[in-house]
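Q: Provided below: run_34.cif, containing mmCIF, C-alpha atoms.
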```
data_final
loop_
_atom_site.label_atom_id
_atom_site.label_comp_id
_atom_site.auth_asym_id
_atom_site.auth_seq_id
_atom_site.Cartn_x
_atom_site.Cartn_y
_atom_site.Cartn_z
CA MET A 1 14.08 16.04 -1.59
CA LEU A 2 15.56 14.74 1.67
CA ARG A 3 17.24 11.33 1.75
CA ALA A 4 16.90 10.75 5.48
CA GLU A 5 14.27 8.23 6.51
CA LYS A 6 11.09 9.82 7.84
CA ILE A 7 10.19 8.63 11.33
CA GLU A 8 6.76 9.19 12.85
CA ARG A 9 6.43 9.56 16.60
CA GLU A 10 3.46 10.54 18.74
CA ASN A 11 4.80 13.94 19.78
CA SER A 12 8.01 15.91 20.26
CA LEU A 13 8.76 14.50 23.70
CA ASP A 14 8.35 10.98 22.37
CA ALA A 15 10.65 11.86 19.47
CA ILE A 16 13.30 13.19 21.87
CA GLU A 17 13.16 9.95 23.88
CA PHE A 18 13.38 7.91 20.65
CA TYR A 19 16.60 9.68 19.66
CA PHE A 20 18.08 8.89 23.10
CA GLN A 21 17.21 5.21 22.64
CA LYS A 22 18.80 5.11 19.18
CA GLY A 23 22.07 6.65 20.45
CA TRP A 24 21.70 9.64 18.17
CA THR A 25 22.51 12.26 20.82
CA ASP A 26 25.47 13.59 22.78
CA GLY A 27 23.75 12.50 25.97
CA LEU A 28 21.51 15.60 26.09
CA PRO A 29 18.00 16.02 24.61
CA ILE A 30 17.88 17.09 20.98
CA VAL A 31 15.44 19.17 18.94
CA PRO A 32 13.53 16.79 16.65
CA PRO A 33 14.70 17.49 13.07
CA THR A 34 11.46 17.92 11.18
CA GLU A 35 11.44 18.38 7.42
CA GLU A 36 10.36 22.00 7.82
CA ARG A 37 13.19 22.82 10.21
CA ILE A 38 15.78 21.09 8.00
CA TYR A 39 14.71 23.09 4.96
CA GLU A 40 14.86 26.34 6.99
CA MET A 41 18.52 25.59 7.73
CA LEU A 42 19.29 24.80 4.10
CA ALA A 43 17.55 27.98 2.95
CA SER A 44 19.97 30.07 5.00
CA VAL A 45 22.86 28.86 2.81
CA LYS A 46 20.78 28.27 -0.35
CA MET A 47 22.13 24.73 -0.72
CA SER A 48 20.30 21.70 -1.99
CA PRO A 49 20.19 18.81 0.48
CA ASP A 50 22.39 16.45 -1.54
CA THR A 51 25.30 18.88 -1.92
CA ILE A 52 28.43 17.12 -0.66
CA VAL A 53 30.15 19.48 1.76
CA GLY A 54 32.71 17.30 3.52
CA SER A 55 33.94 13.83 4.27
CA ILE A 56 36.18 11.59 6.33
CA PRO A 57 37.78 9.54 3.53
CA GLU A 58 39.49 7.07 5.85
CA ARG A 59 36.09 6.03 7.18
CA GLY A 60 34.17 6.26 3.93
CA ARG A 61 31.91 8.90 5.51
CA VAL A 62 30.41 11.76 3.52
CA PHE A 63 28.72 14.89 4.86
CA THR A 64 25.89 16.27 2.77
CA ALA A 65 24.24 19.63 3.34
CA GLU A 66 21.20 17.68 4.55
CA LEU A 67 23.20 15.80 7.19
CA VAL A 68 24.77 19.03 8.50
CA ALA A 69 21.31 20.68 8.56
CA ILE A 70 19.74 17.76 10.42
CA ASN A 71 22.39 17.92 13.14
CA ALA A 72 22.18 21.70 13.36
CA VAL A 73 18.43 21.45 14.00
CA MET A 74 19.06 18.73 16.58
CA ALA A 75 21.63 20.93 18.31
CA GLY A 76 19.11 23.76 18.68
CA CYS A 77 20.65 26.12 16.12
CA LEU A 78 18.70 28.98 14.63
CA PRO A 79 18.88 29.16 10.81
CA GLY A 80 20.98 32.31 11.19
CA TYR A 81 23.74 30.23 12.81
CA PHE A 82 23.82 27.72 10.00
CA PRO A 83 26.38 29.47 7.74
CA VAL A 84 28.85 29.19 10.63
CA VAL A 85 28.02 25.51 11.16
CA MET A 86 28.34 24.82 7.44
CA ALA A 87 31.70 26.59 7.22
CA ALA A 88 32.94 24.66 10.26
CA ALA A 89 31.80 21.33 8.76
CA GLN A 90 33.73 22.15 5.59
CA ALA A 91 36.77 23.37 7.52
CA ILE A 92 37.09 20.14 9.52
CA SER A 93 36.80 18.20 6.26
CA GLU A 94 39.85 19.95 4.78
CA PRO A 95 42.67 17.41 4.23
CA ASP A 96 45.07 19.47 6.37
CA PHE A 97 42.73 19.21 9.35
CA GLY A 98 43.06 15.43 9.09
CA LEU A 99 39.76 14.88 10.89
CA HIS A 100 40.06 11.10 11.28
CA GLY A 101 43.14 11.31 13.52
CA PRO A 102 42.09 13.72 16.25
CA SER A 103 38.51 12.42 16.35
CA ALA A 104 39.53 8.77 16.72
CA SER A 105 42.55 9.29 18.94
CA THR A 106 42.71 8.25 22.60
CA HIS A 107 43.85 11.87 23.20
CA GLY A 108 40.16 12.88 23.07
CA ALA A 109 40.62 16.20 21.28
CA ALA A 110 37.82 18.74 21.16
CA ILE A 111 37.12 20.75 18.01
CA MET A 112 37.61 24.41 18.87
CA ILE A 113 35.61 26.77 16.62
CA ALA A 114 36.74 30.41 16.80
CA VAL A 115 34.67 32.86 14.78
CA ASN A 116 35.79 36.26 13.46
CA GLY A 117 34.15 39.02 11.45
CA PRO A 118 30.78 40.76 11.18
CA ILE A 119 28.75 37.56 11.56
CA THR A 120 29.68 37.37 15.25
CA LYS A 121 27.60 40.49 16.00
CA GLN A 122 24.89 39.54 13.50
CA ILE A 123 24.08 36.31 15.31
CA GLY A 124 25.00 37.36 18.84
CA LEU A 125 28.01 35.06 19.32
CA ASN A 126 29.52 35.64 22.75
CA ASP A 127 33.06 37.02 23.01
CA GLY A 128 32.65 38.32 26.55
CA ALA A 129 31.92 36.91 29.99
CA ASN A 130 31.51 33.13 29.88
CA ALA A 131 32.72 33.09 26.27
CA LEU A 132 33.80 29.47 26.77
CA GLY A 133 31.02 28.60 29.20
CA PRO A 134 27.28 28.01 29.04
CA GLY A 135 24.46 30.51 28.52
CA ASN A 136 24.68 31.71 24.92
CA ARG A 137 22.56 29.90 22.32
CA ALA A 138 24.88 30.59 19.36
CA ASN A 139 28.05 29.48 21.17
CA ALA A 140 26.41 26.38 22.61
CA THR A 141 24.52 25.14 19.58
CA ILE A 142 27.07 25.82 16.82
CA GLY A 143 29.71 23.75 18.61
CA ARG A 144 27.12 21.13 19.49
CA ALA A 145 25.98 20.83 15.86
CA ILE A 146 29.49 19.82 14.80
CA ARG A 147 29.73 17.26 17.61
CA LEU A 148 26.33 15.76 16.70
CA LEU A 149 27.45 15.62 13.06
CA MET A 150 30.48 13.61 14.14
CA ILE A 151 28.33 11.27 16.28
CA ASN A 152 25.56 10.73 13.75
CA ALA A 153 27.41 10.97 10.42
CA GLY A 154 31.14 10.97 11.21
CA GLY A 155 31.33 7.53 12.79
CA SER A 156 32.25 8.58 16.33
CA PRO A 157 30.45 5.62 17.97
CA GLU A 158 32.65 3.21 15.99
CA PHE A 159 35.89 5.15 15.87
CA ASP A 160 36.18 7.57 18.81
CA ARG A 161 38.54 5.96 21.32
CA SER A 162 39.02 8.92 23.69
CA THR A 163 40.45 7.77 26.99
CA LEU A 164 38.89 10.57 29.03
CA GLY A 165 37.57 13.01 26.46
CA THR A 166 36.76 16.51 27.70
CA PRO A 167 33.65 18.57 28.39
CA ALA A 168 34.86 20.76 25.51
CA LYS A 169 33.73 17.95 23.20
CA TYR A 170 30.10 18.85 23.90
CA SER A 171 30.64 22.29 22.37
CA PHE A 172 33.57 24.67 22.03
CA CYS A 173 32.63 27.73 20.00
CA PHE A 174 33.25 31.41 20.70
CA ALA A 175 33.95 34.74 19.02
CA GLU A 176 37.21 36.64 19.26
CA LYS A 177 36.78 40.11 20.72
CA ASP A 178 37.46 43.18 18.59
CA THR A 179 40.57 44.87 20.00
CA ASP A 180 43.44 47.08 18.81
CA TRP A 181 45.32 43.90 17.97
CA GLU A 182 45.08 42.21 14.59
CA PRO A 183 42.27 39.63 14.74
CA LEU A 184 43.14 35.98 14.22
CA HIS A 185 41.60 35.73 10.76
CA VAL A 186 43.57 38.74 9.51
CA GLN A 187 46.76 37.18 10.89
CA ARG A 188 45.84 34.10 8.88
CA GLY A 189 45.42 36.00 5.62
CA PHE A 190 41.78 37.09 5.50
CA ARG A 191 40.39 40.63 5.20
CA ILE A 192 39.00 42.22 8.33
CA GLU A 193 35.51 42.52 6.83
CA GLU A 194 35.35 38.80 6.07
CA SER A 195 33.61 36.45 8.46
CA THR A 196 35.54 33.25 9.13
CA VAL A 197 35.69 30.14 11.26
CA THR A 198 38.96 28.72 12.59
CA VAL A 199 38.80 25.10 13.65
CA PHE A 200 41.50 23.49 15.78
CA ALA A 201 41.80 20.01 17.30
CA CYS A 202 42.93 20.58 20.87
CA GLU A 203 42.49 20.02 24.58
CA GLY A 204 39.87 21.91 26.52
CA PRO A 205 40.98 25.21 28.04
CA ASN A 206 43.92 25.13 30.48
CA GLN A 207 43.31 28.24 32.59
CA ILE A 208 45.80 30.56 34.28
CA GLN A 209 45.27 33.26 36.83
CA ASN A 210 47.58 36.19 37.38
CA HIS A 211 46.02 39.01 39.40
CA SER A 212 49.20 40.30 41.02
CA ALA A 213 51.73 40.92 38.25
CA LEU A 214 52.45 44.56 37.48
CA ARG A 215 54.79 43.73 34.62
CA SER A 216 53.54 42.35 31.31
CA GLU A 217 56.40 39.85 31.16
CA ASN A 218 55.16 38.25 34.38
CA ILE A 219 51.72 37.69 32.88
CA LEU A 220 53.30 36.15 29.81
CA ARG A 221 55.64 33.96 31.86
CA THR A 222 52.60 32.60 33.72
CA MET A 223 50.99 31.75 30.40
CA ALA A 224 54.24 30.24 29.09
CA ASP A 225 54.34 28.01 32.18
CA ARG A 226 50.81 26.74 31.47
CA MET A 227 51.69 26.24 27.82
CA SER A 228 54.52 23.84 28.60
CA PRO A 229 53.22 21.04 30.79
CA LEU A 230 55.23 17.81 30.62
CA GLY A 231 52.02 15.93 29.90
CA SER A 232 50.95 17.71 26.71
CA PHE A 233 51.72 16.76 23.13
CA ASN A 234 53.24 20.21 22.72
CA ILE A 235 56.20 18.95 24.73
CA ALA A 236 56.13 15.28 23.73
CA SER A 237 55.57 15.99 20.04
CA GLU A 238 55.23 19.04 17.75
CA THR A 239 51.90 20.78 17.51
CA GLU A 240 50.14 24.13 17.60
CA MET A 241 48.67 25.90 20.61
CA ALA A 242 45.68 28.22 20.92
CA VAL A 243 45.89 31.00 23.51
CA ILE A 244 43.06 33.23 24.72
CA LEU A 245 44.03 36.32 26.67
CA CYS A 246 41.27 37.84 28.78
CA PRO A 247 40.52 41.57 28.37
CA GLU A 248 42.33 42.60 31.57
CA HIS A 249 45.51 40.80 30.50
CA TYR A 250 45.16 42.14 26.96
CA GLN A 251 44.67 45.75 28.15
CA HIS A 252 47.72 45.50 30.39
CA LEU A 253 49.86 44.17 27.53
CA ASN A 254 48.45 46.56 24.94
CA LYS A 255 49.10 49.57 27.20
CA ASP A 256 52.70 48.39 27.53
CA GLY A 257 53.07 48.33 23.76
CA TRP A 258 52.84 44.57 23.17
CA THR A 259 51.38 43.34 19.90
CA LYS A 260 50.22 39.86 18.93
CA GLU A 261 53.55 39.42 17.17
CA THR A 262 55.69 40.27 20.19
CA VAL A 263 53.45 38.27 22.52
CA GLN A 264 53.70 35.20 20.29
CA GLN A 265 57.48 35.60 20.08
CA PHE A 266 57.82 35.85 23.86
CA LEU A 267 55.53 32.87 24.48
CA TYR A 268 57.41 30.78 21.91
CA GLU A 269 60.74 31.55 23.60
CA HIS A 270 59.59 30.96 27.16
CA ALA A 271 57.11 28.08 26.81
CA ALA A 272 59.69 25.31 26.96
CA ARG A 273 60.90 22.42 29.12
CA THR A 274 64.39 21.01 29.47
CA VAL A 275 65.32 17.61 28.11
CA SER A 276 66.31 16.77 31.69
CA GLU A 277 62.72 17.34 32.88
CA MET A 278 61.40 15.35 29.92
CA LYS A 279 63.68 12.43 30.81
CA LYS A 280 62.74 12.60 34.50
CA GLY A 281 59.10 12.49 33.46
CA GLY A 282 59.67 9.54 31.16
CA ILE A 283 58.58 11.61 28.18
CA ILE A 284 61.97 10.72 26.74
CA VAL A 285 63.01 7.23 27.81
CA GLU A 286 66.78 7.61 27.79
CA PRO A 287 69.48 8.05 30.45
CA LEU A 288 70.13 11.56 31.77
CA LEU A 289 73.14 13.31 30.28
CA PRO A 290 75.10 16.17 31.85
CA ASN A 291 73.91 18.90 29.47
CA ASP A 292 70.23 17.89 29.41
CA ASP A 293 69.24 20.71 31.76
CA LYS A 294 70.52 23.20 29.19
CA VAL A 295 68.72 21.80 26.15
CA TYR A 296 65.14 23.00 25.67
CA LYS A 297 62.11 21.66 23.84
CA HIS A 298 59.78 24.50 22.84
CA ALA A 299 56.03 24.01 23.25
CA VAL A 300 55.46 25.19 19.67
CA PRO A 301 57.77 24.89 16.63
CA SER A 302 57.59 28.67 15.99
CA PRO A 303 55.70 31.79 17.13
CA ASP A 304 53.38 31.34 14.14
CA HIS A 305 52.18 28.02 15.56
CA ILE A 306 50.35 29.97 18.29
CA LEU A 307 46.74 30.98 17.58
CA LEU A 308 46.43 34.05 19.78
CA MET A 309 43.02 35.58 20.51
CA VAL A 310 41.32 37.87 23.01
CA ALA A 311 38.01 36.93 24.63
CA GLY A 312 36.29 36.96 27.99
CA GLY A 313 34.54 39.22 30.48
CA GLU A 314 35.74 42.69 31.47
CA ALA A 315 36.56 41.62 35.03
CA GLY A 316 39.04 38.98 36.12
CA ARG A 317 42.60 38.09 35.16
CA PHE A 318 42.01 34.58 33.90
CA SER A 319 43.37 33.57 30.51
CA ALA A 320 43.68 30.14 28.92
CA CYS A 321 45.64 28.02 26.49
CA MET A 322 44.59 24.99 24.50
CA PRO A 323 47.40 22.51 23.70
CA GLY A 324 46.99 20.95 20.28
CA TRP A 325 46.37 17.36 19.29
CA PHE A 326 49.31 15.05 18.72
CA SER A 327 51.05 16.54 15.67
CA TYR A 328 50.58 19.57 13.46
CA LYS A 329 51.95 17.45 10.61
CA GLN A 330 48.75 15.38 10.80
CA SER A 331 46.26 18.05 11.87
CA LYS A 332 46.56 21.81 11.47
CA ALA A 333 44.21 24.58 12.47
CA ILE A 334 42.14 25.63 9.45
CA THR A 335 40.52 29.01 8.80
CA LYS A 336 37.68 29.16 6.30
CA SER A 337 35.72 32.08 4.91
CA ILE A 338 32.01 31.71 5.62
CA LYS A 339 31.21 33.37 2.30
CA ALA A 340 33.43 30.92 0.40
CA ALA A 341 31.80 28.01 2.21
CA THR A 342 28.21 29.10 1.84
CA GLY A 343 27.83 32.19 -0.32
CA PHE A 344 26.43 33.85 2.81
CA THR A 345 27.50 37.42 3.52
CA MET B 1 49.07 -1.08 0.95
CA GLU B 2 47.45 -4.28 -0.30
CA GLU B 3 45.97 -2.23 -3.14
CA HIS B 4 49.53 -1.28 -4.09
CA GLY B 5 50.49 -4.93 -4.21
CA ILE B 6 52.36 -4.96 -0.90
CA PRO B 7 51.40 -7.94 1.30
CA THR B 8 50.30 -6.45 4.60
CA ALA B 9 49.47 -7.77 8.04
CA VAL B 10 47.68 -5.44 10.46
CA ILE B 11 48.51 -5.78 14.14
CA ILE B 12 46.19 -4.23 16.69
CA THR B 13 45.98 -4.17 20.47
CA SER B 14 42.88 -5.57 22.12
CA PRO B 15 40.97 -2.32 22.95
CA PHE B 16 41.00 -1.39 19.27
CA PHE B 17 39.23 -4.49 17.99
CA ALA B 18 35.89 -2.74 17.45
CA SER B 19 37.31 0.30 15.68
CA SER B 20 39.60 -1.89 13.53
CA LYS B 21 36.58 -3.92 12.49
CA ALA B 22 34.71 -0.68 11.75
CA MET B 23 37.60 0.49 9.57
CA ALA B 24 37.62 -2.83 7.66
CA VAL B 25 33.87 -2.46 7.05
CA SER B 26 34.36 1.19 5.91
CA GLN B 27 36.98 0.05 3.41
CA GLY B 28 34.63 -2.61 2.01
CA ILE B 29 36.66 -5.56 3.34
CA PRO B 30 34.68 -6.61 6.44
CA ASP B 31 36.54 -9.91 6.87
CA TYR B 32 40.01 -8.38 6.66
CA PRO B 33 42.14 -10.32 9.14
CA PHE B 34 44.29 -8.73 11.81
CA ALA B 35 46.50 -10.10 14.57
CA THR B 36 45.87 -8.96 18.14
CA ILE B 37 48.41 -8.41 20.90
CA PRO B 38 47.85 -7.23 24.49
CA HIS B 39 47.56 -3.54 25.40
CA PRO B 40 49.38 -1.18 25.78
CA ILE B 41 52.43 -0.99 23.57
CA ALA B 42 53.34 2.36 25.14
CA ALA B 43 55.20 2.07 28.45
CA THR B 44 55.87 -1.63 27.93
CA GLU B 45 59.38 -3.09 28.22
CA GLU B 46 60.96 -4.03 24.90
CA LEU B 47 61.52 -7.67 25.95
CA VAL B 48 57.81 -8.04 26.70
CA LEU B 49 56.95 -6.54 23.30
CA HIS B 50 59.26 -9.07 21.63
CA ASP B 51 57.46 -11.83 23.51
CA TRP B 52 54.06 -10.61 22.34
CA VAL B 53 55.24 -10.51 18.75
CA ASP B 54 56.77 -14.02 19.03
CA ASN B 55 53.34 -15.25 20.07
CA ILE B 56 51.68 -13.99 16.87
CA ILE B 57 54.45 -14.53 14.33
CA ASP B 58 52.83 -17.66 12.90
CA GLU B 59 49.56 -15.79 12.58
CA ILE B 60 51.34 -12.94 10.75
CA GLU B 61 52.91 -15.42 8.35
CA LYS B 62 49.52 -16.96 7.68
CA ILE B 63 47.96 -13.54 6.99
CA LEU B 64 50.76 -12.52 4.64
CA THR B 65 50.74 -15.73 2.65
CA SER B 66 47.09 -16.78 2.62
CA GLU B 67 45.08 -16.55 -0.58
CA GLU B 68 42.28 -14.51 1.02
CA SER B 69 44.62 -11.63 1.96
#
```
What do you get writing this file as structure tokens?
A:
Amino acid sequence: MLRAEKIERENSLDAIEFYFQKGWTDGLPIVPPTEERIYEMLASVKMSPDTIVGSIPERGRVFTAELVAINAVMAGCLPGYFPVVMAAAQAISEPDFGLHGPSASTHGAAIMIAVNGPITKQIGLNDGANALGPGNRANATIGRAIRLLMINAGGSPEFDRSTLGTPAKYSFCFAEKDTDWEPLHVQRGFRIEESTVTVFACEGPNQIQNHSALRSENILRTMADRMSPLGSFNIASETEMAVILCPEHYQHLNKDGWTKETVQQFLYEHAARTVSEMKKGGIIVEPLLPNDDKVYKHAVPSPDHILLMVAGGEAGRFSACMPGWFSYKQSKAITKSIKAATGFT
Amino acid sequence: MEEHGIPTAVIITSPFFASSKAMAVSQGIPDYPFATIPHPIAATEELVLHDWVDNIIDEIEKILTSEES
């Protein structure tokens, strides 16, 4: 039996308007969560509504399967997407993700949801053109479901103090493309045949273009430059970074014999700023010293703090990086098996 | 920290009043007192910060020593 209060409205359009008035949306119209639609979601993961699947302990907030299902319906998810939504809701509730911090912080972090494994093809998740943009129902609604969960059950209206926020907070979900490189979830210890979600608190995509470079190192140097802006927490603090290489950049690097390991090593070494630049930018508030232009702060603590993926359309040399939220000691990227989270295979 | 027997005074800056109140409510202590100073702490000269703290020091003492806390 559902615990949510039943509300009667004249028709669907009236219900949509009612949800706007109550502040239960992300600013866009929602799909009214009828009892029938909620139970369809729950059936896809065979969970009873009162199963506790996550929480934000600092706020005294608890996520039940019912609450996740309600917000998935509202987002416009199909029941087939729900195992991904459920796994993501559990992943962000992991203590190491530290959900309270990035979702309250003035930094305004988005929740990136990267999906690997067979489920991406099963539900038609986009890993190609416009992978991070609009147009695909699975991409748009899975990310949106998590945001609506945060708004309606996670306490965002009371706690979210984002200065600017980012459009990526509406929805940020995509699939990694299958390539010759090791997929992200295998790098993070899962079997290739497993379907997983990887959640990461981060900025929206910071895009690069490099259409002229003939050498792989030049492409990577361009990315390293974008990965090390003075104004990111990667330079001011210590945190992870997600990187998406587009297919054209990936093919160029792969042909030249680069692997994810060597790419991550190169990016780690070259994504750095000098202490001198940090002091001139007021990131470090201390007087300049003679050797400061020879001391470097790396954008990530190690190559393994880079989440490297391939996605995007077959044409165009545009890749992107996503600087992480404030500190990886308070919030780490988390990868969760969808089967472990839901029993769904 | 209060639960561990350590007298505690919470200091917030003005834009965080609503979320601090929400946190107090979430923890089951809706009337938990906190002292408020101007915003921001970041990018503010140290002398000014000292001034702000001087202005609330009596309030901090009251919070730490009152029976309600």
Q: Selection in question (the file shown): the PyMOL selection byres ((chain A) within 10 of (chain B)). Which residues does it include, as a PyMOL selection string?
A: chain A and resi 57-61+104+155-161+282+285
Q: Can you list, as a ChimeraX atom specification, the residues that the PyMOL selection byres ((chain A and resi 15-24) around 10) selects here?
A: /A:7-14,25-33,71,74,148-149,151-153,157
Q: Distance CA of Ala145 (chain A)-CA of Leu78 (chain A), one decimal place?
A: 11.0 Å
Q: As a list in words, please: the residues near Gly257 (chain A) (cut-off 12 Å, only C-alpha atoms, same-chain neighbours under 4 positions excluded).
A: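 Residues near the query, excluding close chain neighbours: Asp180, Trp181, Arg215, Ser216, Glu217, Tyr250, Gln251, His252, Leu253, Glu261, Thr262 and Val263 of chain A.
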Q: Please produce an output containing C-alpha atoms for each residue in the selection, written as a short mmCIF file (atom, residue, chain, number, x, y, z; two decimals), in the frame of the given file.
A:
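So the final result, stored in selection11.cif, reads:
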```
data_model
loop_
_atom_site.label_atom_id
_atom_site.label_comp_id
_atom_site.auth_asym_id
_atom_site.auth_seq_id
_atom_site.Cartn_x
_atom_site.Cartn_y
_atom_site.Cartn_z
CA ASP A 180 43.44 47.08 18.81
CA TRP A 181 45.32 43.90 17.97
CA ARG A 215 54.79 43.73 34.62
CA SER A 216 53.54 42.35 31.31
CA GLU A 217 56.40 39.85 31.16
CA TYR A 250 45.16 42.14 26.96
CA GLN A 251 44.67 45.75 28.15
CA HIS A 252 47.72 45.50 30.39
CA LEU A 253 49.86 44.17 27.53
CA GLU A 261 53.55 39.42 17.17
CA THR A 262 55.69 40.27 20.19
CA VAL A 263 53.45 38.27 22.52
#
```
Q: Between CA of Gly124 (chain A) and CA of Asn136 (chain A), what is the spacing in Å?
A: 8.3 Å
